[in-house]
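Undergrad: Pasting model.json below, which is JSON, C-alpha atoms.
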```json
[["chain", "number", "residue", "atom", "x", "y", "z"],
["Y", 721, "MET", "CA", 0.00, 0.00, 0.00],
["Y", 722, "ALA", "CA", 2.94, 2.32, 0.56],
["Y", 723, "GLY", "CA", 3.49, 4.60, -2.38],
["Y", 724, "LEU", "CA", -0.09, 5.05, -3.58],
["Y", 725, "ASP", "CA", -0.75, 8.51, -5.00],
["Y", 726, "VAL", "CA", -4.54, 8.29, -4.91],
["Y", 727, "MET", "CA", -7.12, 6.04, -3.30],
["Y", 728, "VAL", "CA", -10.44, 6.22, -5.15],
["Y", 729, "VAL", "CA", -13.59, 5.50, -3.13],
["Y", 730, "GLY", "CA", -16.45, 4.70, -5.46],
["Y", 731, "GLN", "CA", -18.62, 2.41, -7.50],
["Y", 732, "VAL", "CA", -17.42, -0.62, -9.43],
["Y", 733, "ALA", "CA", -19.69, -2.16, -12.06],
["Y", 734, "ARG", "CA", -19.83, -4.11, -15.27],
["Y", 735, "ASP", "CA", -20.60, -1.66, -18.07],
["Y", 736, "LEU", "CA", -22.47, -2.95, -21.10],
["Y", 737, "VAL", "CA", -22.47, -0.23, -23.76],
["Y", 738, "LEU", "CA", -24.81, -0.52, -26.74],
["Y", 739, "ARG", "CA", -24.58, 1.93, -29.65],
["Y", 740, "VAL", "CA", -27.78, 2.17, -31.71],
["Y", 741, "ASP", "CA", -29.06, 4.49, -34.40],
["Y", 742, "GLU", "CA", -32.20, 5.17, -32.38],
["Y", 743, "VAL", "CA", -33.99, 3.67, -29.41],
["Y", 744, "PRO", "CA", -37.03, 1.73, -30.64],
["Y", 745, "GLU", "CA", -40.60, 2.41, -29.59],
["Y", 746, "ALA", "CA", -42.34, -0.09, -27.33],
["Y", 747, "GLY", "CA", -42.67, -3.38, -29.18],
["Y", 748, "GLY", "CA", -39.97, -2.43, -31.69],
["Y", 749, "THR", "CA", -36.41, -3.57, -32.27],
["Y", 750, "ALA", "CA", -33.16, -1.90, -33.28],
["Y", 751, "PRO", "CA", -29.83, -3.33, -34.39],
["Y", 752, "VAL", "CA", -26.84, -2.70, -32.14],
["Y", 753, "ARG", "CA", -24.14, -0.96, -34.18],
["Y", 754, "ARG", "CA", -21.42, -1.40, -31.57],
["Y", 755, "ARG", "CA", -21.17, -3.29, -28.30],
["Y", 756, "ARG", "CA", -18.57, -2.87, -25.56],
["Y", 757, "GLU", "CA", -18.31, -4.71, -22.23],
["Y", 758, "LEU", "CA", -16.08, -2.88, -19.80],
["Y", 759, "LEU", "CA", -14.89, -2.37, -16.28],
["Y", 760, "GLY", "CA", -17.06, 0.55, -15.23],
["Y", 761, "GLY", "CA", -18.73, 2.52, -12.50],
["Y", 762, "LYS", "CA", -17.62, 6.02, -11.49],
["Y", 763, "GLY", "CA", -14.97, 4.85, -9.06],
["Y", 764, "ALA", "CA", -13.42, 2.39, -11.46],
["Y", 765, "ASN", "CA", -13.49, 4.89, -14.35],
["Y", 766, "GLN", "CA", -11.71, 7.49, -12.22],
["Y", 767, "ALA", "CA", -9.11, 4.94, -11.12],
["Y", 768, "VAL", "CA", -8.50, 3.92, -14.74],
["Y", 769, "GLY", "CA", -8.05, 7.56, -15.76],
["Y", 770, "LEU", "CA", -5.58, 8.18, -12.95],
["Y", 771, "ALA", "CA", -3.59, 5.08, -13.87],
["Y", 772, "GLN", "CA", -3.49, 6.13, -17.52],
["Y", 773, "LEU", "CA", -2.12, 9.53, -16.42],
["Y", 774, "GLY", "CA", 0.70, 7.88, -14.50],
["Y", 775, "ALA", "CA", -0.61, 7.81, -10.93],
["Y", 776, "ALA", "CA", -0.19, 4.92, -8.53],
["Y", 777, "VAL", "CA", -3.84, 4.32, -7.69],
["Y", 778, "GLY", "CA", -5.91, 2.07, -5.47],
["Y", 779, "LEU", "CA", -9.64, 1.41, -5.48],
["Y", 780, "LEU", "CA", -12.07, 0.94, -2.60],
["Y", 781, "GLY", "CA", -15.41, -0.38, -3.82],
["Y", 782, "VAL", "CA", -17.59, -3.49, -3.88],
["Y", 783, "VAL", "CA", -18.12, -6.33, -6.32],
["Y", 784, "GLY", "CA", -20.04, -9.56, -5.87],
["Y", 785, "ASP", "CA", -18.53, -12.96, -5.31],
["Y", 786, "ASP", "CA", -19.60, -13.97, -8.80],
["Y", 787, "GLU", "CA", -17.60, -14.61, -11.96],
["Y", 788, "VAL", "CA", -18.32, -11.08, -13.22],
["Y", 789, "GLY", "CA", -16.72, -9.59, -10.11],
["Y", 790, "GLU", "CA", -13.62, -11.73, -10.57],
["Y", 791, "ARG", "CA", -13.37, -10.65, -14.22],
["Y", 792, "LEU", "CA", -13.67, -6.96, -13.32],
["Y", 793, "LEU", "CA", -10.93, -7.26, -10.72],
["Y", 794, "ALA", "CA", -8.68, -8.89, -13.31],
["Y", 795, "LEU", "CA", -9.35, -6.03, -15.72],
["Y", 796, "ALA", "CA", -8.55, -3.48, -13.02],
["Y", 797, "ARG", "CA", -5.28, -5.22, -12.20],
["Y", 798, "ALA", "CA", -4.41, -5.19, -15.90],
["Y", 799, "ASP", "CA", -4.95, -1.42, -15.83],
["Y", 800, "GLY", "CA", -2.41, -1.13, -13.01],
["Y", 801, "ILE", "CA", -4.98, -0.50, -10.24],
["Y", 802, "ASP", "CA", -4.39, -1.85, -6.73],
["Y", 803, "VAL", "CA", -7.63, -3.70, -5.91],
["Y", 804, "GLN", "CA", -6.70, -5.32, -2.62],
["Y", 805, "TRP", "CA", -9.26, -3.13, -0.84],
["Y", 806, "VAL", "CA", -12.16, -3.91, -3.16],
["Y", 807, "ARG", "CA", -14.75, -5.87, -1.17],
["Y", 808, "ARG", "CA", -16.12, -9.19, -2.46],
["Y", 809, "ARG", "CA", -19.70, -9.33, -1.12],
["Y", 810, "PRO", "CA", -20.89, -12.93, -0.59],
["Y", 811, "GLY", "CA", -24.17, -13.83, -2.25],
["Y", 812, "THR", "CA", -24.30, -10.54, -4.16],
["Y", 813, "PRO", "CA", -24.35, -10.09, -7.95],
["Y", 814, "THR", "CA", -21.89, -7.50, -9.21],
["Y", 815, "ALA", "CA", -23.52, -4.24, -10.27],
["Y", 816, "LEU", "CA", -24.49, -3.90, -13.93],
["Y", 817, "ILE", "CA", -24.98, -0.67, -15.85],
["Y", 818, "VAL", "CA", -26.34, -0.82, -19.41],
["Y", 819, "ASP", "CA", -25.57, 2.35, -21.38],
["Y", 820, "VAL", "CA", -27.71, 2.67, -24.51],
["Y", 821, "VAL", "CA", -26.37, 5.48, -26.73],
["Y", 822, "ASP", "CA", -28.11, 6.67, -29.88],
["Y", 823, "ALA", "CA", -26.78, 8.47, -32.94],
["Y", 824, "GLU", "CA", -27.53, 11.86, -31.34],
["Y", 825, "ALA", "CA", -25.22, 11.01, -28.41],
["Y", 826, "ASP", "CA", -28.20, 10.79, -26.06],
["Y", 827, "TRP", "CA", -27.79, 8.03, -23.50],
["Y", 828, "ARG", "CA", -30.12, 6.00, -21.34],
["Y", 829, "TYR", "CA", -28.97, 3.98, -18.37],
["Y", 830, "LEU", "CA", -30.44, 0.72, -17.16],
["Y", 831, "GLU", "CA", -28.99, -0.05, -13.74],
["Y", 832, "ASP", "CA", -28.99, -3.23, -11.69],
["Y", 833, "VAL", "CA", -27.20, -1.97, -8.59],
["Y", 834, "ALA", "CA", -28.11, -3.90, -5.47],
["Y", 835, "GLU", "CA", -27.82, -2.17, -2.11],
["Y", 836, "ALA", "CA", -25.18, -4.72, -1.16],
["Y", 837, "THR", "CA", -22.87, -3.47, -3.93],
["Y", 838, "LEU", "CA", -22.54, -0.09, -2.19],
["Y", 839, "LEU", "CA", -19.85, 0.62, 0.37],
["Y", 840, "THR", "CA", -20.85, 0.68, 4.02],
["Y", 841, "PRO", "CA", -19.25, 2.65, 6.87],
["Y", 842, "ASP", "CA", -17.74, -0.64, 8.07],
["Y", 843, "ASP", "CA", -16.13, -1.21, 4.65],
["Y", 844, "VAL", "CA", -14.55, 2.24, 4.88],
["Y", 845, "ALA", "CA", -13.39, 1.70, 8.44],
["Y", 846, "GLY", "CA", -11.75, -1.55, 7.38],
["Y", 847, "ALA", "CA", -9.71, 0.34, 4.77],
["Y", 848, "ALA", "CA", -8.70, 3.20, 7.08],
["Y", 849, "SER", "CA", -5.01, 2.32, 6.91],
["Y", 850, "ALA", "CA", -5.08, 2.56, 3.10],
["Y", 851, "LEU", "CA", -6.92, 5.88, 3.20],
["Y", 852, "ARG", "CA", -4.36, 7.30, 5.63],
["Y", 853, "ALA", "CA", -1.43, 6.03, 3.56],
["Y", 854, "ALA", "CA", -2.44, 7.43, 0.16],
["Y", 855, "ARG", "CA", -1.30, 10.96, -0.71],
["Y", 856, "ALA", "CA", -4.82, 11.83, -1.89],
["Y", 857, "VAL", "CA", -8.29, 10.37, -1.44],
["Y", 858, "LEU", "CA", -10.96, 10.88, -4.11],
["Y", 859, "VAL", "CA", -14.48, 10.25, -2.79],
["Y", 860, "GLN", "CA", -17.77, 10.07, -4.65],
["Y", 861, "LEU", "CA", -20.32, 11.70, -2.40],
["Y", 862, "GLN", "CA", -22.71, 8.80, -2.97],
["Y", 863, "GLN", "CA", -20.28, 6.84, -0.77],
["Y", 864, "PRO", "CA", -19.88, 7.00, 3.03],
["Y", 865, "ALA", "CA", -18.43, 10.36, 4.05],
["Y", 866, "ARG", "CA", -16.29, 8.62, 6.64],
["Y", 867, "ALA", "CA", -13.63, 8.13, 3.96],
["Y", 868, "ALA", "CA", -13.21, 11.90, 3.61],
["Y", 869, "ARG", "CA", -13.02, 12.35, 7.39],
["Y", 870, "ILE", "CA", -10.32, 9.69, 7.74],
["Y", 871, "ALA", "CA", -8.27, 11.27, 4.96],
["Y", 872, "ARG", "CA", -8.67, 14.80, 6.38],
["Y", 873, "GLU", "CA", -7.60, 13.68, 9.86],
["Y", 874, "ALA", "CA", -4.50, 12.12, 8.29],
["Y", 875, "GLY", "CA", -3.65, 15.37, 6.49],
["Y", 876, "ARG", "CA", -4.21, 13.96, 2.99],
["Y", 877, "LEU", "CA", -5.51, 15.80, -0.06],
["Y", 878, "VAL", "CA", -9.29, 15.29, -0.09],
["Y", 879, "VAL", "CA", -11.18, 15.51, -3.40],
["Y", 880, "LEU", "CA", -14.97, 15.25, -3.34],
["Y", 881, "ASP", "CA", -16.96, 14.47, -6.47],
["Y", 882, "GLY", "CA", -20.67, 15.22, -6.45],
["Y", 883, "ALA", "CA", -23.22, 16.50, -3.95],
["Y", 884, "PRO", "CA", -23.92, 15.28, -0.42],
["Y", 885, "THR", "CA", -26.85, 12.87, -0.30],
["Y", 886, "ASP", "CA", -28.11, 14.64, 2.84],
["Y", 887, "ALA", "CA", -28.28, 18.43, 2.54],
["Y", 888, "ALA", "CA", -27.99, 18.72, 6.32],
["Y", 889, "ASP", "CA", -24.47, 17.27, 6.07],
["Y", 890, "ALA", "CA", -23.34, 19.58, 3.28],
["Y", 891, "ASP", "CA", -21.43, 22.14, 5.35],
["Y", 892, "ALA", "CA", -19.64, 19.49, 7.40],
["Y", 893, "LEU", "CA", -18.61, 17.62, 4.25],
["Y", 894, "LEU", "CA", -17.50, 20.69, 2.33],
["Y", 895, "ALA", "CA", -15.30, 21.66, 5.26],
["Y", 896, "LEU", "CA", -13.38, 18.40, 4.76],
["Y", 897, "ALA", "CA", -12.58, 19.07, 1.10],
["Y", 898, "ASP", "CA", -9.56, 20.53, -0.60],
["Y", 899, "VAL", "CA", -11.22, 20.16, -4.00],
["Y", 900, "LEU", "CA", -14.90, 19.87, -4.92],
["Y", 901, "ARG", "CA", -16.13, 18.93, -8.38],
["Y", 902, "ALA", "CA", -19.87, 19.25, -9.00],
["Y", 903, "ASP", "CA", -21.87, 19.03, -12.21],
["Y", 904, "ALA", "CA", -24.76, 21.42, -12.84],
["Y", 905, "GLN", "CA", -27.38, 19.21, -11.18],
["Y", 906, "GLU", "CA", -25.16, 18.67, -8.16],
["Y", 907, "VAL", "CA", -24.52, 22.41, -7.83],
["Y", 908, "GLU", "CA", -28.28, 22.89, -7.77],
["Y", 909, "LEU", "CA", -28.61, 20.30, -5.01],
["Y", 910, "ILE", "CA", -26.00, 22.11, -2.91],
["Y", 911, "THR", "CA", -26.90, 25.75, -3.62],
["Y", 912, "GLY", "CA", -30.47, 25.64, -4.89],
["Y", 913, "HIS", "CA", -29.54, 27.00, -8.33],
["Y", 914, "ALA", "CA", -28.06, 25.39, -11.44],
["Y", 915, "PRO", "CA", -25.63, 27.77, -13.19],
["Y", 916, "ARG", "CA", -26.79, 28.75, -16.66],
["Y", 917, "ASP", "CA", -23.78, 30.70, -17.91],
["Y", 918, "ALA", "CA", -20.12, 31.37, -17.15],
["Y", 919, "GLU", "CA", -20.74, 34.18, -14.67],
["Y", 920, "ALA", "CA", -23.28, 32.11, -12.76],
["Y", 921, "GLY", "CA", -20.83, 29.22, -12.62],
["Y", 922, "LEU", "CA", -18.08, 31.46, -11.27],
["Y", 923, "ALA", "CA", -20.48, 32.97, -8.75],
["Y", 924, "ALA", "CA", -21.48, 29.50, -7.55],
["Y", 925, "GLY", "CA", -17.81, 28.63, -7.18],
["Y", 926, "ARG", "CA", -17.15, 31.75, -5.13],
["Y", 927, "GLY", "CA", -20.01, 30.91, -2.82],
["Y", 928, "LEU", "CA", -18.84, 27.34, -2.33],
["Y", 929, "LEU", "CA", -15.26, 28.49, -1.76],
["Y", 930, "ARG", "CA", -16.43, 30.17, 1.44],
["Y", 931, "ARG", "CA", -17.72, 26.83, 2.71],
["Y", 932, "GLY", "CA", -14.38, 25.05, 2.85],
["Y", 933, "PRO", "CA", -12.76, 23.80, -0.38],
["Y", 934, "SER", "CA", -9.74, 25.64, -1.78],
["Y", 935, "LEU", "CA", -10.55, 24.72, -5.40],
["Y", 936, "LEU", "CA", -13.99, 24.50, -6.97],
["Y", 937, "ALA", "CA", -14.76, 23.02, -10.38],
["Y", 938, "VAL", "CA", -18.36, 23.81, -11.34],
["Y", 939, "GLU", "CA", -20.03, 22.59, -14.52],
["Y", 940, "VAL", "CA", -22.20, 24.86, -16.62],
["Y", 941, "ALA", "CA", -24.13, 22.27, -18.61],
["Y", 942, "GLY", "CA", -23.47, 22.38, -22.33],
["Y", 943, "LYS", "CA", -21.10, 25.35, -22.05],
["Y", 944, "GLY", "CA", -18.04, 24.64, -19.95],
["Y", 945, "ASN", "CA", -16.55, 24.64, -16.48],
["Y", 946, "ALA", "CA", -15.91, 27.36, -13.91],
["Y", 947, "PHE", "CA", -12.85, 27.06, -11.68],
["Y", 948, "VAL", "CA", -12.48, 29.17, -8.55],
["Y", 949, "TRP", "CA", -9.66, 29.25, -6.00],
["Y", 950, "PRO", "CA", -8.68, 31.83, -3.34],
["Y", 951, "ASP", "CA", -6.59, 34.06, -5.59],
["Y", 952, "GLY", "CA", -8.04, 33.38, -9.00],
["Y", 953, "GLU", "CA", -10.83, 32.10, -11.21],
["Y", 954, "LEU", "CA", -11.21, 30.82, -14.74],
["Y", 955, "PHE", "CA", -13.98, 29.73, -17.08],
["Y", 956, "LEU", "CA", -13.07, 27.22, -19.77],
["Y", 957, "PRO", "CA", -15.51, 26.33, -22.56],
["Y", 958, "LEU", "CA", -15.91, 22.77, -23.76],
["Y", 959, "SER", "CA", -13.25, 21.66, -26.23],
["Y", 960, "GLY", "CA", -15.73, 21.27, -29.09],
["Y", 961, "THR", "CA", -14.89, 17.63, -29.71],
["Y", 962, "PRO", "CA", -17.74, 15.83, -31.54],
["Y", 963, "THR", "CA", -19.56, 13.82, -28.88],
["Y", 964, "VAL", "CA", -20.39, 10.14, -29.24],
["Y", 965, "ASP", "CA", -21.10, 9.52, -25.54],
["Y", 966, "ASP", "CA", -20.35, 11.88, -22.66],
["Y", 967, "THR", "CA", -20.88, 9.20, -20.01],
["Y", 968, "GLY", "CA", -17.31, 9.18, -18.68],
["Y", 969, "ALA", "CA", -16.34, 12.79, -19.30],
["Y", 970, "GLY", "CA", -16.81, 13.84, -15.69],
["Y", 971, "ASP", "CA", -14.80, 10.89, -14.40],
["Y", 972, "ALA", "CA", -11.86, 11.67, -16.68],
["Y", 973, "PHE", "CA", -12.13, 15.35, -15.70],
["Y", 974, "VAL", "CA", -11.93, 14.53, -11.98],
["Y", 975, "ALA", "CA", -9.03, 12.14, -12.48],
["Y", 976, "ALA", "CA", -6.93, 14.73, -14.29],
["Y", 977, "LEU", "CA", -7.85, 17.53, -11.89],
["Y", 978, "THR", "CA", -6.98, 15.40, -8.85],
["Y", 979, "LEU", "CA", -3.58, 14.48, -10.22],
["Y", 980, "GLY", "CA", -2.82, 18.05, -11.27],
["Y", 981, "VAL", "CA", -3.55, 19.38, -7.78],
["Y", 982, "LEU", "CA", -1.63, 16.53, -6.15],
["Y", 983, "ARG", "CA", 1.41, 17.32, -8.29],
["Y", 984, "GLY", "CA", 1.26, 20.99, -7.31],
["Y", 985, "GLU", "CA", 0.54, 22.24, -10.81],
["Y", 986, "PRO", "CA", -0.68, 25.84, -11.22],
["Y", 987, "ARG", "CA", -4.45, 25.90, -10.96],
["Y", 988, "GLU", "CA", -4.95, 27.09, -14.54],
["Y", 989, "ARG", "CA", -2.83, 24.25, -15.91],
["Y", 990, "ALA", "CA", -4.66, 21.67, -13.79],
["Y", 991, "ALA", "CA", -7.98, 23.10, -15.00],
["Y", 992, "ARG", "CA", -6.99, 22.94, -18.65],
["Y", 993, "HIS", "CA", -5.83, 19.35, -18.33],
["Y", 994, "ALA", "CA", -9.10, 18.40, -16.65],
["Y", 995, "VAL", "CA", -11.11, 19.84, -19.54],
["Y", 996, "ALA", "CA", -8.77, 18.16, -22.02],
["Y", 997, "ALA", "CA", -9.25, 14.79, -20.30],
["Y", 998, "ALA", "CA", -13.02, 15.16, -20.52],
["Y", 999, "GLY", "CA", -12.76, 16.03, -24.21],
["Y", 1000, "ALA", "CA", -10.59, 12.99, -24.83],
["Y", 1001, "THR", "CA", -13.33, 10.75, -23.45],
["Y", 1002, "VAL", "CA", -16.48, 11.87, -25.30],
["Y", 1003, "GLY", "CA", -15.45, 10.63, -28.74],
["Y", 1004, "HIS", "CA", -16.13, 6.94, -28.05],
["Y", 1005, "PRO", "CA", -19.03, 4.98, -26.55],
["Y", 1006, "GLY", "CA", -18.77, 4.05, -22.89],
["Y", 1007, "GLY", "CA", -17.32, 5.74, -19.84],
["Y", 1008, "ARG", "CA", -13.84, 4.22, -19.92],
["Y", 1009, "PRO", "CA", -11.20, 6.96, -20.33],
["Y", 1010, "ALA", "CA", -8.50, 6.83, -23.02],
["Y", 1011, "LEU", "CA", -6.05, 9.39, -21.66],
["Y", 1012, "THR", "CA", -2.96, 8.97, -23.76],
["Y", 1013, "PRO", "CA", -0.45, 11.85, -23.95],
["Y", 1014, "GLU", "CA", -1.37, 12.32, -27.60],
["Y", 1015, "ALA", "CA", -5.09, 12.57, -26.81],
["Y", 1016, "ILE", "CA", -4.47, 15.13, -24.06],
["Y", 1017, "ARG", "CA", -2.22, 17.25, -26.30],
["Y", 1018, "ALA", "CA", -4.78, 17.19, -29.10],
["Y", 1019, "GLN", "CA", -7.48, 18.36, -26.72],
["Y", 1020, "LEU", "CA", -5.34, 21.12, -25.21],
["Y", 1021, "ASP", "CA", -4.96, 22.55, -28.70],
["Y", 1022, "ARG", "CA", -8.77, 22.81, -28.94],
["Y", 1023, "ILE", "CA", -9.23, 24.79, -25.72],
["Y", 1024, "PRO", "CA", -9.26, 28.54, -26.38],
["Y", 1025, "ALA", "CA", -6.64, 30.67, -24.63],
["Y", 1026, "THR", "CA", -7.95, 33.04, -21.97]]
```
What does this structure look like when you write it as structure tokens?

TA:
Amino acid sequence: MAGLDVMVVGQVARDLVLRVDEVPEAGGTAPVRRRRELLGGKGANQAVGLAQLGAAVGLLGVVGDDEVGERLLALARADGIDVQWVRRRPGTPTALIVDVVDAEADWRYLEDVAEATLLTPDDVAGAASALRAARAVLVQLQQPARAARIAREAGRLVVLDGAPTDAADADALLALADVLRADAQEVELITGHAPRDAEAGLAAGRGLLRRGPSLLAVEVAGKGNAFVWPDGELFLPLSGTPTVDDTGAGDAFVAALTLGVLRGEPRERAARHAVAAAGATVGHPGGRPALTPEAIRAQLDRIPAT
């Protein structure tokens, strides 16, 4: 466990991605133009992205004790992810997410995610030594907040992705964070308002900055991302890459942003690389990142200078 850069706390699932021209009406059929079966789930996608970017990364999540779970763990190991802290839940089928994507890049999820495939506070407590040892801990806020508290008490970089499931806990959770990433819907859950333009995104970031985090990354849906930190702010538009499926864009974004902050990069550079990582992920079906140096460079060239 010594030497991990980032421990990711999040969902692990089998992703079945189906590309169709259009979703049929009830009683109809449609041919599948492309099919991909992948290691997926937000936590696994973020861990894959971090590994592709050169981080030593571990994963804390849950799979079943079935053959699918064993196959996903093998895929994660092949990606260079430390999976010794992934829980194998007896008698539980591994989570399945079916991502149906049409020719307009609109997706529909079908999810078979049993309660038992979610982390519990006891799972997190059992991995406390790993959370304390990693240089950074990246937590999906659908997971037990105890992971963030353990990391904060150990003096680690704490990155939160999403919105607290209980609004009453929001202030306490935000106070634990060094970095918060929230998409437009999640910003609305936290603040009551979804940002509609760049200025609104920056304003939301300024407001959240006062609640604890030292770096905010706020999505303005369909337009770009606002970044706010104590001595600066920046709005970056989307890279303009033709979108096939934006399922994993946010996961790639968070992976790149986390690593940039962990490496001490200037905030603007970390922000640009996060947007580039998202752009490098939307051009193929499925949420699995493909963050090669060449893909990142190509995306950076598409992001307008400020």

Undergrad: So that I can see what lies close to segment 896-903 of chain Y, please list as an MDAnalysis selection string the residues with an atom at most 9 Å from it, counting all atoms listed in the file and leaving out residues fewer than 6 positions away in the same chain.

TA: chainID Y and resid 868:869 871:872 877:883 914 928 932:941 945 970 974 977:978 981

Undergrad: Enter the distance from atom CA of Leu759 of chain Y to atom CA of Ala794 of chain Y, in Å, rounded to one decimal.

TA: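 Pair atom CA of Leu759 of chain Y / atom CA of Ala794 of chain Y returns 9.5 Å.
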
Undergrad: Pick out the closest residue to Leu736 of chain Y from this set: Y:Glu787, Y:Asp889, Y:Asp819, Y:Glu835. Count all atoms listed in the file.

TA: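 Ranking Y:Glu787, Y:Asp889, Y:Asp819, Y:Glu835 by distance to Leu736 of chain Y, first place goes to Y:Asp819.
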
Undergrad: Segment 990-1003 of chain Y: which residues within 8 Å, counting only C-alpha atoms, same-chain residues fewer than 5 positions away excluded, as a PyMOL selection string?

TA: chain Y and resi 945+947+956+958-977+980-981+985+1008-1011+1015-1017+1019-1020+1023

Undergrad: Excluding Gly800 of chain Y and any residue of its chain fewer than 2 positions from it, enumerate the residues within 8 Å of it, using all atoms listed in the file, and give them as a list in words.

TA: Ala771, Ala776, Val777, Ala796, Arg797, Ala798 and Asp802 of chain Y

Undergrad: From the set Y:Val803, Y:Ala920, Y:Leu830, Y:Leu770, which residue has the shortest atom-to-atom contact distance to Arg734 of chain Y, counting only C-alpha atoms?

TA: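 Residue with the minimum atom-to-atom distance to Arg734 of chain Y: Y:Leu830.
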
Undergrad: Would you please work out which residue, of Y:Ala924, Y:Val740, Y:Val948, Y:Ala1025, is nearest to Glu824 of chain Y when using only C-alpha atoms?

TA: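 Selected residue with least distance to Glu824 of chain Y: Y:Val740.
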
Undergrad: When you count only C-alpha atoms, which of these residues is closest to Gly1006 of chain Y: Y:Trp805, Y:Gly811, Y:Ala825, Y:Val732?

TA: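 For Gly1006 of chain Y, the nearest of the candidates is Y:Ala825.
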
Undergrad: Around all the atoms of segment 795-802 of chain Y listed in the file, with 5 Å of room on each side, what axis-aligned box do you get, giving centre and edge lengths in Å to one decimal, as AutoDock Vina command-line options?

TA:
```
--center_x -5.9 --center_y -3.3 --center_z -11.3 --size_x 16.9 --size_y 15.5 --size_z 19.2
```

Undergrad: Between atom CA of Gly789 of chain Y and atom CA of Leu851 of chain Y, what is the distance in Å, rounded to a tenth?

TA: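 Rounded to one decimal, the two atoms are 22.6 Å apart.
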
Undergrad: Do you know which residues lie at most 8 Å from (-22.8, 22.4, -1.3), with coordinates as in the file and all atoms listed in the file counted, and could you write them as a PyMOL selection string?

TA: chain Y and resi 883-884+887+890-891+894+907+909-911+928+931

Undergrad: One decimal, in Å: what's the spacing between atom CA of Val820 of chain Y and atom CA of Arg791 of chain Y?

TA: 22.1 Å
